[in-house]
file protein.cif (mmCIF, C-alpha atoms)
data_model
loop_
_atom_site.label_atom_id
_atom_site.label_comp_id
_atom_site.auth_asym_id
_atom_site.auth_seq_id
_atom_site.Cartn_x
_atom_site.Cartn_y
_atom_site.Cartn_z
CA MET A 124 -15.53 8.31 -20.19
CA ASP A 125 -13.90 6.73 -17.17
CA SER A 126 -10.60 4.90 -17.05
CA ASP A 127 -9.56 2.43 -14.36
CA ASP A 128 -6.00 1.14 -14.55
CA ASN A 129 -6.30 -2.65 -14.39
CA SER A 130 -2.71 -3.70 -14.99
CA SER A 131 -2.68 -5.41 -11.60
CA GLY A 132 -5.75 -7.51 -12.38
CA THR A 133 -7.96 -6.18 -9.59
CA THR A 134 -11.72 -6.13 -9.96
CA GLY A 135 -13.56 -2.87 -9.30
CA SER A 136 -16.28 -2.94 -6.65
CA ASP A 137 -18.60 -1.01 -8.96
CA LEU A 138 -18.88 -4.15 -11.06
CA GLY A 139 -19.65 -6.46 -8.17
CA GLN A 140 -18.62 -10.05 -8.77
CA ARG A 141 -17.56 -9.58 -12.38
CA TYR A 142 -14.26 -10.31 -14.06
CA ARG A 143 -12.23 -8.16 -16.44
CA HIS A 144 -9.74 -10.75 -17.67
CA ALA A 145 -8.92 -14.41 -17.06
CA GLY A 146 -6.45 -13.57 -14.31
CA ASP A 147 -9.24 -12.23 -12.11
CA LEU A 148 -10.32 -15.87 -11.85
CA THR A 149 -7.00 -17.71 -12.03
CA GLY A 150 -4.63 -15.29 -10.31
CA GLU A 151 -2.50 -14.88 -13.45
CA ALA A 152 -1.30 -11.48 -14.61
CA SER A 153 -3.14 -9.99 -17.59
CA THR A 154 -1.52 -10.89 -20.92
CA ARG A 155 -0.67 -7.19 -21.36
CA PRO A 156 -1.39 -4.25 -19.02
CA PHE A 157 -4.57 -2.37 -19.89
CA ALA A 158 -6.92 0.27 -18.55
CA GLU A 159 -10.59 -0.63 -18.12
CA ILE A 160 -12.66 1.95 -20.01
CA SER A 161 -16.33 2.91 -19.64
CA ILE A 162 -17.94 5.00 -22.39
CA THR A 163 -21.33 6.57 -21.68
CA VAL A 164 -24.07 5.75 -24.21
CA PRO A 165 -27.81 6.57 -24.10
CA TRP A 166 -28.79 3.14 -22.66
CA GLY A 167 -25.85 2.84 -20.21
CA HIS A 168 -22.22 2.27 -21.03
CA ILE A 169 -19.80 0.48 -23.35
CA SER A 170 -16.92 -1.22 -21.56
CA GLY A 171 -13.51 -1.79 -23.04
CA LYS A 172 -9.85 -2.58 -22.48
CA TRP A 173 -7.42 0.13 -23.57
CA TYR A 174 -3.93 -1.17 -24.30
CA GLY A 175 -0.91 1.01 -24.89
CA PRO A 176 -0.56 4.80 -24.80
CA GLN A 177 -3.72 6.78 -24.04
CA ASN A 178 -2.54 10.06 -25.54
CA VAL A 179 -3.00 8.84 -29.12
CA GLN A 180 -5.99 7.53 -31.04
CA PRO A 181 -6.29 3.75 -30.66
CA ILE A 182 -7.32 1.11 -33.12
CA LEU A 183 -10.87 0.04 -32.24
CA GLY A 184 -11.20 -3.73 -31.77
CA LEU A 185 -14.56 -5.49 -32.11
CA HIS A 186 -15.37 -9.09 -31.22
CA GLY A 187 -17.52 -11.91 -32.57
CA TRP A 188 -21.04 -13.01 -31.65
CA GLN A 189 -21.41 -13.72 -27.91
CA ASP A 190 -17.67 -13.15 -27.38
CA ASN A 191 -16.24 -10.02 -25.73
CA ALA A 192 -13.21 -7.73 -25.45
CA GLY A 193 -11.13 -10.70 -24.24
CA THR A 194 -11.01 -12.01 -27.80
CA TYR A 195 -7.75 -10.11 -28.41
CA ASP A 196 -6.06 -10.98 -25.09
CA ARG A 197 -3.51 -13.29 -26.72
CA LEU A 198 -2.87 -11.00 -29.69
CA MET A 199 -2.19 -7.88 -27.61
CA PRO A 200 1.23 -8.87 -26.17
CA LEU A 201 2.49 -9.34 -29.73
CA LEU A 202 1.53 -5.88 -30.97
CA SER A 203 4.17 -3.18 -31.08
CA PRO A 204 4.13 -1.53 -27.61
CA ASP A 205 3.58 1.92 -29.12
CA VAL A 206 0.30 0.81 -30.72
CA ALA A 207 -2.82 1.91 -28.84
CA PHE A 208 -5.70 -0.56 -29.05
CA LEU A 209 -9.20 -0.27 -27.55
CA SER A 210 -10.98 -3.62 -27.43
CA ILE A 211 -14.65 -3.12 -26.53
CA ASP A 212 -17.58 -5.24 -25.39
CA LEU A 213 -20.49 -4.67 -27.77
CA PRO A 214 -23.91 -4.02 -26.18
CA GLY A 215 -25.14 -6.98 -24.13
CA HIS A 216 -21.70 -8.64 -24.22
CA GLY A 217 -19.04 -8.71 -21.54
CA LEU A 218 -19.25 -5.80 -19.11
CA SER A 219 -21.21 -3.48 -21.42
CA SER A 220 -24.81 -2.51 -20.68
CA ARG A 221 -27.59 -4.55 -22.18
CA LEU A 222 -30.12 -2.92 -24.42
CA PRO A 223 -33.29 -2.01 -22.49
CA ASP A 224 -35.99 -4.63 -21.97
CA GLY A 225 -38.04 -5.14 -25.11
CA CYS A 226 -35.29 -3.97 -27.51
CA TYR A 227 -34.14 -6.37 -30.21
CA TYR A 228 -30.48 -6.84 -31.15
CA ASN A 229 -29.67 -6.17 -34.80
CA SER A 230 -26.19 -6.56 -36.24
CA VAL A 231 -26.41 -3.33 -38.21
CA ASP A 232 -27.06 -1.37 -34.98
CA ASN A 233 -23.37 -1.76 -34.21
CA LEU A 234 -22.63 0.86 -36.87
CA TYR A 235 -24.33 3.28 -34.49
CA VAL A 236 -22.13 2.03 -31.62
CA ILE A 237 -19.00 2.83 -33.63
CA ARG A 238 -20.30 6.29 -34.48
CA LEU A 239 -21.13 6.95 -30.82
CA ILE A 240 -17.60 6.02 -29.76
CA MET A 241 -16.13 8.22 -32.49
CA LYS A 242 -18.27 11.10 -31.29
CA GLN A 243 -17.29 10.60 -27.64
CA TYR A 244 -13.58 10.67 -28.46
CA LYS A 245 -13.93 13.27 -31.25
CA TRP A 246 -12.37 11.00 -33.88
CA GLU A 247 -12.90 12.14 -37.46
CA LYS A 248 -11.89 8.70 -38.74
CA VAL A 249 -11.50 5.28 -37.19
CA SER A 250 -9.20 2.27 -37.65
CA LEU A 251 -11.02 -1.03 -37.13
CA VAL A 252 -10.13 -4.63 -36.32
CA GLY A 253 -12.99 -7.12 -36.27
CA HIS A 254 -13.42 -10.85 -35.85
CA SER A 255 -16.33 -12.90 -37.22
CA MET A 256 -19.58 -10.92 -36.79
CA SER A 257 -17.56 -7.76 -36.24
CA SER A 258 -15.40 -8.36 -39.29
CA ILE A 259 -18.70 -8.14 -41.19
CA ILE A 260 -19.63 -5.02 -39.23
CA CYS A 261 -16.31 -3.44 -40.29
CA PHE A 262 -17.02 -4.31 -43.94
CA VAL A 263 -20.46 -2.68 -43.77
CA PHE A 264 -19.23 0.36 -41.83
CA ALA A 265 -16.47 1.03 -44.38
CA ALA A 266 -19.02 0.81 -47.18
CA VAL A 267 -21.58 3.09 -45.52
CA PHE A 268 -18.97 5.59 -44.26
CA PRO A 269 -16.01 5.29 -46.65
CA ASP A 270 -14.73 8.75 -45.67
CA LYS A 271 -14.65 7.86 -41.95
CA VAL A 272 -12.40 4.78 -42.02
CA ASP A 273 -8.60 4.81 -42.10
CA MET A 274 -8.04 1.04 -42.22
CA ILE A 275 -9.67 -2.34 -41.58
CA ILE A 276 -8.32 -5.69 -40.48
CA GLY A 277 -10.99 -8.39 -40.74
CA ILE A 278 -10.60 -11.91 -39.39
CA ASP A 279 -12.43 -14.88 -40.90
CA ALA A 280 -15.80 -13.44 -41.95
CA LEU A 281 -15.77 -11.20 -44.97
CA LYS A 282 -19.30 -10.02 -45.67
CA PRO A 283 -22.99 -10.42 -44.72
CA HIS A 284 -23.91 -14.04 -45.35
CA GLN A 285 -26.50 -15.13 -47.87
CA ARG A 286 -28.98 -17.88 -47.10
CA PRO A 287 -31.97 -19.29 -49.01
CA TYR A 288 -35.00 -17.06 -48.54
CA PRO A 289 -37.22 -19.79 -47.04
CA SER A 290 -34.52 -20.39 -44.42
CA VAL A 291 -34.32 -16.65 -43.69
CA ILE A 292 -38.07 -16.49 -43.09
CA ARG A 293 -38.09 -19.55 -40.81
CA THR A 294 -35.17 -18.11 -38.86
CA MET A 295 -36.99 -14.80 -38.38
CA GLU A 296 -40.02 -16.65 -37.06
CA THR A 297 -38.16 -18.84 -34.57
CA ARG A 298 -35.72 -16.16 -33.42
CA LEU A 299 -38.45 -13.65 -32.65
CA ASP A 300 -40.37 -16.22 -30.62
CA GLU A 301 -37.24 -17.24 -28.72
CA PHE A 302 -36.30 -13.60 -28.20
CA LEU A 303 -39.66 -12.94 -26.55
CA ARG A 304 -39.04 -15.83 -24.18
CA GLU A 305 -35.55 -14.63 -23.21
CA ASP A 306 -36.76 -11.04 -22.84
CA GLU A 307 -39.33 -12.22 -20.30
CA ARG A 308 -36.65 -14.24 -18.47
CA ASN A 309 -34.45 -11.14 -18.26
CA ARG A 310 -37.26 -9.17 -16.67
CA SER A 311 -37.78 -11.86 -14.04
CA LYS A 312 -34.35 -10.93 -12.56
CA ASN A 313 -33.83 -14.54 -11.47
CA GLU A 314 -30.24 -15.76 -11.40
CA PRO A 315 -29.43 -17.92 -14.46
CA PRO A 316 -28.20 -21.50 -14.12
CA SER A 317 -24.77 -21.70 -12.47
CA TYR A 318 -21.76 -23.93 -13.12
CA SER A 319 -18.33 -24.71 -11.74
CA TYR A 320 -15.31 -23.09 -13.40
CA ASP A 321 -14.43 -26.31 -15.26
CA GLU A 322 -18.03 -26.75 -16.41
CA LEU A 323 -18.02 -23.21 -17.80
CA ILE A 324 -14.79 -23.85 -19.70
CA GLU A 325 -16.37 -26.96 -21.21
CA ARG A 326 -19.51 -25.05 -22.21
CA VAL A 327 -17.47 -22.32 -23.89
CA TYR A 328 -15.38 -24.95 -25.67
CA ILE A 329 -18.48 -26.76 -26.96
CA GLY A 330 -20.25 -23.47 -27.70
CA THR A 331 -17.49 -22.44 -30.10
CA PHE A 332 -17.74 -25.85 -31.82
CA HIS A 333 -14.20 -26.56 -30.55
CA SER A 334 -12.93 -23.51 -32.48
CA VAL A 335 -11.14 -22.20 -29.37
CA ASN A 336 -8.56 -24.50 -27.81
CA LYS A 337 -9.79 -25.46 -24.35
CA GLU A 338 -6.80 -23.91 -22.57
CA HIS A 339 -7.64 -20.52 -24.13
CA CYS A 340 -11.40 -20.52 -23.45
CA LYS A 341 -10.76 -18.62 -20.19
CA HIS A 342 -10.01 -15.47 -22.20
CA LEU A 343 -13.48 -15.49 -23.76
CA MET A 344 -15.20 -16.63 -20.59
CA ALA A 345 -14.01 -14.13 -17.98
CA ARG A 346 -15.93 -11.02 -19.04
CA ASN A 347 -19.09 -13.03 -19.79
CA ILE A 348 -19.63 -14.55 -16.33
CA GLY A 349 -20.61 -13.46 -12.82
CA LYS A 350 -20.23 -15.02 -9.39
CA SER A 351 -23.30 -16.90 -8.21
CA GLU A 352 -24.97 -15.43 -5.14
CA LYS A 353 -26.64 -18.76 -4.43
CA TYR A 354 -23.68 -21.13 -4.74
CA PRO A 355 -20.29 -19.84 -3.51
CA ASP A 356 -18.17 -21.99 -5.85
CA LYS A 357 -20.20 -21.45 -9.00
CA TYR A 358 -20.65 -18.87 -11.74
CA TYR A 359 -23.26 -18.01 -14.33
CA PHE A 360 -23.21 -16.49 -17.82
CA CYS A 361 -24.26 -12.85 -17.60
CA ARG A 362 -24.13 -11.78 -21.23
CA ASP A 363 -27.61 -10.93 -22.43
CA ARG A 364 -29.37 -14.18 -23.29
CA ARG A 365 -31.31 -12.35 -26.02
CA LEU A 366 -28.05 -12.25 -28.01
CA LYS A 367 -28.60 -15.89 -28.95
CA PHE A 368 -31.33 -14.64 -31.27
CA TYR A 369 -29.47 -11.73 -32.86
CA ASN A 370 -30.79 -10.49 -36.21
CA TYR A 371 -27.91 -10.82 -38.69
CA ALA A 372 -29.88 -9.93 -41.81
CA ILE A 373 -28.32 -6.97 -43.61
CA GLY A 374 -29.06 -7.32 -47.29
CA SER A 375 -28.88 -9.19 -50.58
CA GLN A 376 -25.79 -10.34 -52.44
CA GLU A 377 -26.26 -7.43 -54.84
CA LEU A 378 -26.07 -5.06 -51.90
CA CYS A 379 -22.90 -6.80 -50.65
CA VAL A 380 -21.25 -6.33 -54.04
CA GLU A 381 -22.22 -2.65 -54.04
CA MET A 382 -20.77 -2.31 -50.54
CA ALA A 383 -17.49 -3.87 -51.68
CA ASN A 384 -17.33 -1.38 -54.55
CA ARG A 385 -17.71 1.52 -52.10
CA ILE A 386 -14.87 0.54 -49.78
CA THR A 387 -11.78 2.69 -50.33
CA CYS A 388 -9.61 2.30 -47.21
CA PRO A 389 -6.60 0.01 -46.78
CA TYR A 390 -8.02 -3.41 -45.93
CA LEU A 391 -6.37 -6.60 -44.69
CA PHE A 392 -8.57 -9.70 -44.62
CA ILE A 393 -7.37 -12.88 -42.91
CA LYS A 394 -9.08 -16.20 -43.69
CA ALA A 395 -8.65 -19.24 -41.47
CA ALA A 396 -8.23 -22.25 -43.75
CA GLN A 397 -9.98 -24.73 -41.45
CA SER A 398 -13.02 -22.51 -40.91
CA SER A 399 -16.33 -22.44 -42.76
CA TYR A 400 -17.40 -19.74 -45.22
CA PHE A 401 -20.82 -19.65 -43.50
CA GLU A 402 -22.56 -19.41 -46.89
CA ASP A 403 -22.23 -20.79 -50.41
CA LYS A 404 -18.63 -19.95 -51.32
CA LYS A 405 -19.69 -18.41 -54.63
CA TYR A 406 -21.09 -15.39 -52.74
CA TYR A 407 -17.85 -14.99 -50.81
CA ASP A 408 -15.76 -15.34 -53.99
CA GLU A 409 -17.80 -12.72 -55.85
CA VAL A 410 -17.19 -10.07 -53.19
CA LEU A 411 -13.57 -11.10 -52.68
CA ASP A 412 -13.00 -10.68 -56.42
CA VAL A 413 -14.27 -7.08 -56.21
CA LEU A 414 -12.02 -6.30 -53.26
CA GLN A 415 -8.93 -7.90 -54.76
CA LYS A 416 -9.07 -5.48 -57.68
CA LYS A 417 -8.40 -2.64 -55.23
CA PRO A 418 -4.73 -1.62 -54.83
CA ASN A 419 -4.94 -1.31 -51.04
CA PHE A 420 -6.67 -4.65 -50.33
CA GLU A 421 -4.54 -7.48 -48.94
CA TYR A 422 -5.59 -11.10 -48.47
CA LEU A 423 -3.98 -13.67 -46.19
CA GLU A 424 -4.97 -17.29 -45.68
CA VAL A 425 -3.54 -19.09 -42.64
CA ASN A 426 -3.92 -22.53 -41.11
CA GLY A 427 -6.26 -22.47 -38.17
CA SER A 428 -9.82 -22.45 -36.89
CA HIS A 429 -12.37 -19.63 -36.81
CA HIS A 430 -10.65 -18.27 -33.65
CA VAL A 431 -7.13 -18.45 -35.08
CA HIS A 432 -6.28 -15.10 -33.47
CA ILE A 433 -6.78 -16.71 -30.04
CA ASN A 434 -5.31 -20.15 -30.67
CA ASP A 435 -2.33 -19.11 -32.76
CA PRO A 436 -1.82 -15.33 -32.77
CA GLU A 437 1.79 -15.88 -33.88
CA ALA A 438 0.43 -17.07 -37.24
CA ILE A 439 -1.03 -13.66 -38.05
CA ILE A 440 0.94 -11.13 -36.02
CA ALA A 441 3.69 -10.37 -38.58
CA PRO A 442 1.29 -9.24 -41.36
CA VAL A 443 -0.94 -7.51 -38.78
CA ASN A 444 1.96 -5.51 -37.34
CA ASN A 445 3.22 -4.70 -40.82
CA PHE A 446 -0.20 -3.48 -41.95
CA ILE A 447 -0.66 -1.35 -38.82
CA GLN A 448 2.81 0.11 -39.25
CA ARG A 449 1.86 1.25 -42.76
CA PHE A 450 -1.78 2.25 -42.29
CA GLY A 451 -2.56 2.51 -38.57
CA PRO A 452 -3.44 5.74 -36.74
CA ALA A 453 0.20 6.65 -35.96
CA ALA A 454 1.33 6.20 -39.57
CA LEU A 455 -1.59 8.22 -40.93
CA ALA A 456 -1.15 10.96 -38.33
CA ALA A 457 2.51 11.30 -39.34
CA SER A 458 1.56 11.36 -43.03
CA ARG A 459 -1.05 14.07 -42.46
CA GLN A 460 1.38 16.13 -40.41
CA LYS A 461 3.99 15.86 -43.16
CA ALA A 462 1.44 16.93 -45.76
CA LYS A 463 0.40 19.87 -43.57
CA GLU A 464 4.00 21.01 -43.13
CA ALA A 465 4.64 20.72 -46.86
CA LYS A 466 1.58 22.82 -47.60
CA GLU A 467 2.60 25.47 -45.06
CA SER A 468 6.13 25.65 -46.46
CA LYS A 469 4.70 26.67 -49.84
CA LEU A 470 2.81 29.63 -48.36
#

call {"tool": "encode", "arguments": {"input": "protein.cif", "output": "structure tokens"}}
result
Amino acid sequence: MDSDDNSSGTTGSDLGQRYRHAGDLTGEASTRPFAEISITVPWGHISGKWYGPQNVQPILGLHGWQDNAGTYDRLMPLLSPDVAFLSIDLPGHGLSSRLPDGCYYNSVDNLYVIRLIMKQYKWEKVSLVGHSMSSIICFVFAAVFPDKVDMIIGIDALKPHQRPYPSVIRTMETRLDEFLREDERNRSKNEPPSYSYDELIERVYIGTFHSVNKEHCKHLMARNIGKSEKYPDKYYFCRDRRLKFYNYAIGSQELCVEMANRITCPYLFIKAAQSSYFEDKKYYDEVLDVLQKKPNFEYLEVNGSHHVHINDPEAIIAPVNNFIQRFGPAALAASRQKAKEAKESKL
């Protein structure tokens, strides 16, 4: 695991013409100082931004589909300065390695990514924050490994989505065909289409269905683009194009309910009121009902779009900080130490 202090906003030569935060393009300072992290994995590396002290276990932050570690750039300055937070790029996103040619991206594979990171850092348990696709990943991880999760904060996607079976089958057919096409394009090694900075901002804005305010799109864009070698004033998207055809299928509604029953850790879920449920709301409500019966589950609904944590982090930071103060790694470490001392005093 390598660490490169990036508080000054410089770009390492090992990455070529790549960008670690919006300021690498605009000249602005990073929203909060961080260290660029590289974690070795069997197919390459996972990149990330480590905020706060590095001598304590961080909260692990995961982003949404085709986003990257920059998703938390505007939330980070509002966290308590003593909170350590590692925001990573999932495989194929941002500065992280792509999966090898011919390998298909499956949402559930990200459980393995979390376990690899835990193994690298020798964490027995993990605290997770996830947005959108990764909020779902956190839900599934906590259900599969209930004894390995200290806390979850999920933003605006609660559970694996349910769709009519005929639609699922058609999606599998079209996505596999499109994946084959993009896999062949990747192997050609040709530079993708390039755009001006303003054109890229517009494409990100449209690509999020206007969910991210245009002035904040730079935070999602920076780690996903590279400098064109053909056109000096242009850039291209360098996230893996195969990600557009990700396999999200995880399981049935019955499986989702069983997963909800298995989750035991403290859990804060934040729903953006102006965002979709991405499925028939009855499926969402059924799982939410299971979770709300748990004493350590907390639910918050706020005004905002799907990317509320980028557009209006002030709307969620108070409950987020409060939850982390009660259940984050530092609080749990102190609680375990107190329990250990009490046990030793009885000997």

call {"tool": "atom_distance", "arguments": {"input": "protein.cif", "atom1": "atom CA of Asp279 of chain A", "atom2": "atom CA of Ser428 of chain A"}}
result
9.0 Å

call {"tool": "residues_around", "arguments": {"input": "protein.cif", "residues": "segment 166-182 of chain A", "least_positions_apart": "5", "cutoff": "6 Å", "atoms": "all atoms listed in the file", "output": "MDAnalysis selection string"}}
result
chainID A and resid 157:161 206:212 218:220 250:251

call {"tool": "atom_distance", "arguments": {"input": "protein.cif", "atom1": "atom CA of Arg197 of chain A", "atom2": "atom CA of Ile433 of chain A"}}
result
5.8 Å

call {"tool": "closest_residue", "arguments": {"input": "protein.cif", "among": "A:Pro442, A:Asp224, A:Thr163, A:Gly451", "to": "Ser311 of chain A", "atoms": "only C-alpha atoms"}}
result
A:Asp224

call {"tool": "residues_around", "arguments": {"input": "protein.cif", "residues": "Trp246 of chain A", "least_positions_apart": "4", "cutoff": "9 Å", "atoms": "all atoms listed in the file", "output": "tab-separated table (two decimals) with C-alpha atoms, in the coordinates of the input"}}
result
chain	number	residue	atom	x	y	z
A	180	GLN	CA	-5.99	7.53	-31.04
A	240	ILE	CA	-17.60	6.02	-29.76
A	241	MET	CA	-16.13	8.22	-32.49
A	242	LYS	CA	-18.27	11.10	-31.29
A	271	LYS	CA	-14.65	7.86	-41.95

call {"tool": "closest_residue", "arguments": {"input": "protein.cif", "among": "A:Asn233, A:Ser399, A:Asn313, A:Ser375", "to": "Met256 of chain A", "atoms": "only C-alpha atoms"}}
result
A:Asn233

call {"tool": "closest_residue", "arguments": {"input": "protein.cif", "among": "A:Arg308, A:Lys463, A:Arg143, A:Lys367", "to": "Gly330 of chain A", "atoms": "only C-alpha atoms"}}
result
A:Lys367

call {"tool": "closest_residue", "arguments": {"input": "protein.cif", "among": "A:Asp435, A:Glu381, A:Glu464, A:Asp363", "to": "Tyr195 of chain A", "atoms": "all atoms listed in the file"}}
result
A:Asp435

call {"tool": "resolve_selection", "arguments": {"input": "protein.cif", "expression": "the PyMOL selection byres ((chain A and resi 227) around 10)", "output": "list in words"}}
result
Leu222, Pro223, Asp224, Gly225, Cys226, Tyr228, Asn229, Ser230, Asp232, Leu299, Phe302, Leu303, Asp306, Arg365, Leu366, Phe368, Tyr369 and Asn370 of chain A

call {"tool": "closest_residue", "arguments": {"input": "protein.cif", "among": "A:Pro200, A:Gly184, A:Gly150, A:Pro316", "to": "Val249 of chain A", "atoms": "all atoms listed in the file"}}
result
A:Gly184

call {"tool": "atom_distance", "arguments": {"input": "protein.cif", "atom1": "atom CA of Glu151 of chain A", "atom2": "atom CA of Val431 of chain A"}}
result
22.4 Å

call {"tool": "closest_residue", "arguments": {"input": "protein.cif", "among": "A:Ser257, A:Thr294, A:Ser398, A:Ser319", "to": "His333 of chain A", "atoms": "all atoms listed in the file"}}
result
A:Ser398

call {"tool": "residues_around", "arguments": {"input": "protein.cif", "residues": "Ile275 of chain A", "least_positions_apart": "3", "cutoff": "8 Å", "atoms": "all atoms listed in the file", "output": "number ranges by chain"}}
result
A: 250-253, 261-262, 272, 388-391

call {"tool": "write_last_selection", "arguments": {"input": "protein.cif", "atoms": "C-alpha atoms", "output": "short mmCIF file (atom, residue, chain, number, x, y, z; two decimals), in the coordinates of the input"}}
result
data_model
loop_
_atom_site.label_atom_id
_atom_site.label_comp_id
_atom_site.auth_asym_id
_atom_site.auth_seq_id
_atom_site.Cartn_x
_atom_site.Cartn_y
_atom_site.Cartn_z
CA SER A 250 -9.20 2.27 -37.65
CA LEU A 251 -11.02 -1.03 -37.13
CA VAL A 252 -10.13 -4.63 -36.32
CA GLY A 253 -12.99 -7.12 -36.27
CA CYS A 261 -16.31 -3.44 -40.29
CA PHE A 262 -17.02 -4.31 -43.94
CA VAL A 272 -12.40 4.78 -42.02
CA CYS A 388 -9.61 2.30 -47.21
CA PRO A 389 -6.60 0.01 -46.78
CA TYR A 390 -8.02 -3.41 -45.93
CA LEU A 391 -6.37 -6.60 -44.69
#

call {"tool": "resolve_selection", "arguments": {"input": "protein.cif", "expression": "the PyMOL selection byres ((chain A and resi 336) around 12)", "output": "list of chain:residue names"}}
result
A:Ile324, A:Glu325, A:Val327, A:Tyr328, A:Ile329, A:Gly330, A:Thr331, A:Phe332, A:His333, A:Ser334, A:Val335, A:Lys337, A:Glu338, A:His339, A:Cys340, A:Lys341, A:His342, A:Leu343, A:Gly427, A:Ser428, A:His429, A:His430, A:Val431, A:His432, A:Ile433, A:Asn434, A:Asp435

call {"tool": "residues_around", "arguments": {"input": "protein.cif", "residues": "Ile447 of chain A", "least_positions_apart": "6", "cutoff": "9 Å", "atoms": "only C-alpha atoms", "output": "VMD selection string"}}
result
chain A and resid 206 274 276 453 to 454

call {"tool": "build_atoms", "arguments": {"input": "protein.cif", "residues": "segment 287-300 of chain A", "atoms": "N, CA, C and O atoms", "output": "PDB file, in the frame of the given file"}}
result
ATOM      1  N   PRO A 287     -30.731 -19.157 -48.230  1.00  0.00           N
ATOM      2  CA  PRO A 287     -31.970 -19.290 -49.010  1.00  0.00           C
ATOM      3  C   PRO A 287     -33.115 -18.552 -48.321  1.00  0.00           C
ATOM      4  O   PRO A 287     -33.248 -18.598 -47.095  1.00  0.00           O
ATOM      5  N   TYR A 288     -33.933 -17.877 -49.111  1.00  0.00           N
ATOM      6  CA  TYR A 288     -35.000 -17.060 -48.540  1.00  0.00           C
ATOM      7  C   TYR A 288     -35.958 -17.824 -47.627  1.00  0.00           C
ATOM      8  O   TYR A 288     -36.351 -17.311 -46.572  1.00  0.00           O
ATOM      9  N   PRO A 289     -36.357 -19.061 -47.978  1.00  0.00           N
ATOM     10  CA  PRO A 289     -37.220 -19.790 -47.040  1.00  0.00           C
ATOM     11  C   PRO A 289     -36.562 -19.986 -45.680  1.00  0.00           C
ATOM     12  O   PRO A 289     -37.219 -19.906 -44.643  1.00  0.00           O
ATOM     13  N   SER A 290     -35.239 -20.223 -45.673  1.00  0.00           N
ATOM     14  CA  SER A 290     -34.520 -20.390 -44.420  1.00  0.00           C
ATOM     15  C   SER A 290     -34.485 -19.074 -43.639  1.00  0.00           C
ATOM     16  O   SER A 290     -34.621 -19.067 -42.406  1.00  0.00           O
ATOM     17  N   VAL A 291     -34.327 -17.964 -44.345  1.00  0.00           N
ATOM     18  CA  VAL A 291     -34.320 -16.650 -43.690  1.00  0.00           C
ATOM     19  C   VAL A 291     -35.647 -16.398 -42.980  1.00  0.00           C
ATOM     20  O   VAL A 291     -35.698 -15.946 -41.829  1.00  0.00           O
ATOM     21  N   ILE A 292     -36.744 -16.728 -43.663  1.00  0.00           N
ATOM     22  CA  ILE A 292     -38.070 -16.490 -43.090  1.00  0.00           C
ATOM     23  C   ILE A 292     -38.305 -17.370 -41.869  1.00  0.00           C
ATOM     24  O   ILE A 292     -38.798 -16.911 -40.829  1.00  0.00           O
ATOM     25  N   ARG A 293     -37.918 -18.646 -41.960  1.00  0.00           N
ATOM     26  CA  ARG A 293     -38.090 -19.550 -40.810  1.00  0.00           C
ATOM     27  C   ARG A 293     -37.246 -19.081 -39.622  1.00  0.00           C
ATOM     28  O   ARG A 293     -37.687 -19.138 -38.468  1.00  0.00           O
ATOM     29  N   THR A 294     -36.045 -18.594 -39.927  1.00  0.00           N
ATOM     30  CA  THR A 294     -35.170 -18.110 -38.860  1.00  0.00           C
ATOM     31  C   THR A 294     -35.769 -16.889 -38.178  1.00  0.00           C
ATOM     32  O   THR A 294     -35.730 -16.761 -36.948  1.00  0.00           O
ATOM     33  N   MET A 295     -36.340 -15.976 -38.955  1.00  0.00           N
ATOM     34  CA  MET A 295     -36.990 -14.800 -38.380  1.00  0.00           C
ATOM     35  C   MET A 295     -38.107 -15.212 -37.437  1.00  0.00           C
ATOM     36  O   MET A 295     -38.239 -14.679 -36.328  1.00  0.00           O
ATOM     37  N   GLU A 296     -38.892 -16.187 -37.867  1.00  0.00           N
ATOM     38  CA  GLU A 296     -40.020 -16.650 -37.060  1.00  0.00           C
ATOM     39  C   GLU A 296     -39.547 -17.227 -35.725  1.00  0.00           C
ATOM     40  O   GLU A 296     -40.009 -16.831 -34.656  1.00  0.00           O
ATOM     41  N   THR A 297     -38.593 -18.164 -35.791  1.00  0.00           N
ATOM     42  CA  THR A 297     -38.160 -18.840 -34.570  1.00  0.00           C
ATOM     43  C   THR A 297     -37.369 -17.908 -33.661  1.00  0.00           C
ATOM     44  O   THR A 297     -37.517 -17.948 -32.442  1.00  0.00           O
ATOM     45  N   ARG A 298     -36.543 -17.051 -34.247  1.00  0.00           N
ATOM     46  CA  ARG A 298     -35.720 -16.160 -33.420  1.00  0.00           C
ATOM     47  C   ARG A 298     -36.580 -15.130 -32.680  1.00  0.00           C
ATOM     48  O   ARG A 298     -36.293 -14.802 -31.526  1.00  0.00           O
ATOM     49  N   LEU A 299     -37.589 -14.625 -33.325  1.00  0.00           N
ATOM     50  CA  LEU A 299     -38.450 -13.650 -32.650  1.00  0.00           C
ATOM     51  C   LEU A 299     -39.201 -14.299 -31.494  1.00  0.00           C
ATOM     52  O   LEU A 299     -39.343 -13.704 -30.417  1.00  0.00           O
ATOM     53  N   ASP A 300     -39.682 -15.518 -31.698  1.00  0.00           N
ATOM     54  CA  ASP A 300     -40.370 -16.220 -30.620  1.00  0.00           C
ATOM     55  C   ASP A 300     -39.419 -16.493 -29.445  1.00  0.00           C
ATOM     56  O   ASP A 300     -39.774 -16.297 -28.273  1.00  0.00           O
TER      57      ASP A 300
END
